[in-house]
Amino acid sequence: MAKNTGDVGVYYNVLGAALQIHGAKVNRQEFLAKEFGKYCNPETIEKILKEGTVKAGVEVTLMDKIADEAIGLHTGIASSLSFASGIPGGLAMFATVPADIAQYYYHVIVIAQKLAYIYGLAELGIVDDDFKSLLTLLVGVMTEDEDANRTITEIFSSQVSKEVVAISLGKAFNKTILKIATALAYRLTGKSVFKSIWKAIPIIGGVVSGGITLFTFQPMCNKLKARLHKSIETANRKEIVLSKT
């Protein structure tokens, strides 16, 4: 992973702060069992937990449904927290701009993990450099980075085997992941400055802060959902072609 220097350091510092918040690392087993348990029988759930949704034969339409539910939940929570943190003297935990940005990105990385698991990713493992690199790629897709889109498509259209994930992360690190981290650093700086101005205005500041979250968070989530959905369809098309040869 890159050293925390210069612009890249801004992003990795925020990512590190977000990862310190309780629940930032999603428990894959618990999440999938709870969400797919509403719609699938125990045998299918067992297969999902062991092999992932794609290999378990889960319909993409069901993945989309559960993804929409997760996006809706986190959009509402993130917007509410952002509203509270936008009011001077509001929640003490979110009294400063860095904390406000950290809680925003906390929800970004949590929903990124959930969407990745919904669309077939195996357990991400411990919070190490590969974990942070994959999160960065997922956030890159949310911000429409073309290199991130290509790499994530490569990973998910291969039915997300651990070997392909490791190889893809290795190839993408220097060229793609560091570039995304730098771009996100500029976005973070701009967001922090803009929101800090509105925090000086009681109530209105909270409304604007929550509005920024609402109108940026959900579209970002939908972009990642759309990319993962497309990747799964690509994988399914490959499987059909192979079965006919």
# chains A, B, ... in the order shown; residues from 1 in each chain; ligands from 1

$ residues_around --residues "Gly140 in chain A" --least-positions-apart "2" --cutoff "9 Å" --atoms "only C-alpha atoms" --output "short mmCIF file (atom, residue, chain, number, x, y, z; two decimals) with N, CA and C atoms, in the first residue's frame"
data_model
loop_
_atom_site.label_atom_id
_atom_site.label_comp_id
_atom_site.auth_asym_id
_atom_site.auth_seq_id
_atom_site.Cartn_x
_atom_site.Cartn_y
_atom_site.Cartn_z
N LEU A 135 -11.18 -2.41 -1.55
CA LEU A 135 -12.12 -1.36 -1.17
C LEU A 135 -11.92 -0.13 -2.05
N THR A 136 -10.67 0.21 -2.29
CA THR A 136 -10.36 1.38 -3.11
C THR A 136 -10.86 1.20 -4.53
N LEU A 137 -10.72 0.00 -5.08
CA LEU A 137 -11.25 -0.28 -6.41
C LEU A 137 -12.77 -0.15 -6.43
N LEU A 138 -13.43 -0.68 -5.42
CA LEU A 138 -14.90 -0.60 -5.35
C LEU A 138 -15.36 0.85 -5.26
N MET A 142 -17.52 3.46 -7.84
CA MET A 142 -18.57 4.39 -7.40
C MET A 142 -18.35 5.80 -7.96
N THR A 143 -17.08 6.15 -8.19
CA THR A 143 -16.76 7.49 -8.69
C THR A 143 -16.44 7.46 -10.18
N GLU A 144 -16.83 6.38 -10.85
CA GLU A 144 -16.76 6.25 -12.31
C GLU A 144 -15.34 6.26 -12.87
N ASP A 145 -14.42 5.66 -12.16
CA ASP A 145 -13.07 5.52 -12.68
C ASP A 145 -13.04 4.33 -13.65
N GLU A 146 -12.63 4.57 -14.88
CA GLU A 146 -12.68 3.53 -15.91
C GLU A 146 -11.74 2.36 -15.62
N ASP A 147 -10.56 2.65 -15.09
CA ASP A 147 -9.63 1.56 -14.76
C ASP A 147 -10.20 0.68 -13.66
N ALA A 148 -10.85 1.32 -12.68
CA ALA A 148 -11.50 0.54 -11.61
C ALA A 148 -12.62 -0.31 -12.18
N ASN A 149 -13.39 0.26 -13.10
CA ASN A 149 -14.46 -0.51 -13.74
C ASN A 149 -13.93 -1.75 -14.44
N ILE A 177 -4.80 1.62 -8.55
CA ILE A 177 -5.22 1.89 -7.18
C ILE A 177 -4.63 3.19 -6.64
N ILE A 180 -6.50 6.06 -8.24
CA ILE A 180 -7.82 6.24 -7.64
C ILE A 180 -7.68 6.92 -6.29
N ALA A 181 -6.73 6.47 -5.49
CA ALA A 181 -6.52 7.05 -4.16
C ALA A 181 -6.21 8.55 -4.25
N ALA A 183 -7.09 10.59 -6.76
CA ALA A 183 -8.31 11.27 -7.21
C ALA A 183 -9.31 11.42 -6.05
N LEU A 184 -9.44 10.38 -5.25
CA LEU A 184 -10.36 10.44 -4.12
C LEU A 184 -9.90 11.46 -3.08
N LEU A 224 -22.02 1.29 -8.47
CA LEU A 224 -21.33 0.04 -8.12
C LEU A 224 -22.25 -1.16 -8.35
#

$ atom_distance --atom1 "CA of Leu121 in chain A" --atom2 "CA of Met63 in chain A"
12.3 Å

$ atom_distance --atom1 "CA of Tyr106 in chain A" --atom2 "CA of Ser157 in chain A"
26.7 Å

$ residues_around --residues "range 36-39 of chain A" --least-positions-apart "3" --cutoff "12 Å" --atoms "only C-alpha atoms" --output "PyMOL selection string"
chain A and resi 28-33+42-49+52-53+56+58-59+61-67+69-70+117-119

$ atom_distance --atom1 "CA of Phe156 in chain A" --atom2 "CA of Ser133 in chain A"
15.3 Å

$ closest_residue --among "A:Asn27, A:Thr182, A:Thr151, A:Gln218" --to "Leu124 in chain A" --atoms "only C-alpha atoms"
A:Asn27

$ residues_around --residues "Lys25 in chain A" --least-positions-apart "6" --cutoff "10 Å" --atoms "only C-alpha atoms" --output "VMD selection string"
chain A and resid 18 to 19 106 109 to 110 113 to 114 124 to 127 131
